[in-house]
Amino acid sequence: MTFSERLRDEIEYVGISQKELAERAGIKKRAFDMYVGLQGSMPPADAAVRIAQELGISVEYLVTGREPEKNASMPADERKLLEAFEKLDQRDRAAVINLAQFLSGQKE
């Protein structure tokens, strides 16, 4: 998957328009169109940081498709939960997500 494909996927996941994300990140729409377009131009580092921040993801993920190394400062209970979650298959992961959303009052 390329940068532009990941970017389009994240925009869809967050549920905002490309125009809105460009505005929030302080990037001209024409330049932003080059980042999400089929040619998939890579933005300058400062623009990639702003885009990632607005999407709530890491720049590393947006650029490489990989998450950064786990944060050692993450609370132990969160680390345990994440480690257990990573061992689950897709069906069980979906069940855990549904349960967490239900318990937190979120709707799908």
# chains A, B, ... in the order shown; residues from 1 in each chain; ligands from 1
$ residues_around --residues "Gly37 in chain A" --least-positions-apart "3" --cutoff "12 Å" --atoms "only C-alpha atoms" --output "PyMOL selection string"
chain A and resi 2-8+18+29-34+40-43
$ write_last_selection --atoms "C-alpha atoms" --output "short mmCIF file (atom, residue, chain, number, x, y, z; two decimals), in the first residue's frame"
data_model
loop_
_atom_site.label_atom_id
_atom_site.label_comp_id
_atom_site.auth_asym_id
_atom_site.auth_seq_id
_atom_site.Cartn_x
_atom_site.Cartn_y
_atom_site.Cartn_z
CA THR A 2 1.31 3.46 -0.88
CA PHE A 3 1.30 6.72 1.07
CA SER A 4 -1.64 8.05 -0.94
CA GLU A 5 -3.63 4.82 -0.46
CA ARG A 6 -3.05 4.89 3.31
CA LEU A 7 -3.96 8.57 3.36
CA ARG A 8 -7.22 7.97 1.47
CA GLN A 18 -10.20 15.78 1.75
CA LYS A 29 -6.03 22.03 -1.70
CA ARG A 30 -4.05 21.77 -4.92
CA ALA A 31 -0.99 20.46 -3.08
CA PHE A 32 -3.15 18.13 -0.98
CA ASP A 33 -4.73 16.72 -4.15
CA MET A 34 -1.26 15.65 -5.26
CA GLY A 40 0.88 9.87 -4.94
CA SER A 41 3.33 12.69 -4.35
CA MET A 42 4.95 12.59 -0.93
CA PRO A 43 4.42 15.78 1.09
#
$ select_by_dssp --residues "range 2-81 of chain A" --states "alpha helix (DSSP H)" --output "MDAnalysis selection string"
chainID A and resid 3:14 18:25 29:36 45:55 59:64 76:81
$ closest_residue --among "A:Ala100, A:Glu10, A:Val59, A:Leu82" --to "Val36 in chain A" --atoms "only C-alpha atoms"
A:Glu10
$ residues_around --residues "Ser58 in chain A" --least-positions-apart "6" --cutoff "12 Å" --atoms "only C-alpha atoms" --output "list in words"
Arg6, Leu7, Glu10, Ala48, Val49, Arg50, Ile51, Ala52, Thr64, Gly65, Arg66, Glu67, Pro68, Glu69 and Lys70 of chain A
$ atom_distance --atom1 "CA of Glu60 in chain A" --atom2 "CA of Glu20 in chain A"
22.2 Å
$ atom_distance --atom1 "CA of Glu23 in chain A" --atom2 "CA of Asp9 in chain A"
18.2 Å
$ atom_distance --atom1 "CA of Ser104 in chain A" --atom2 "CA of Ala25 in chain A"
29.1 Å
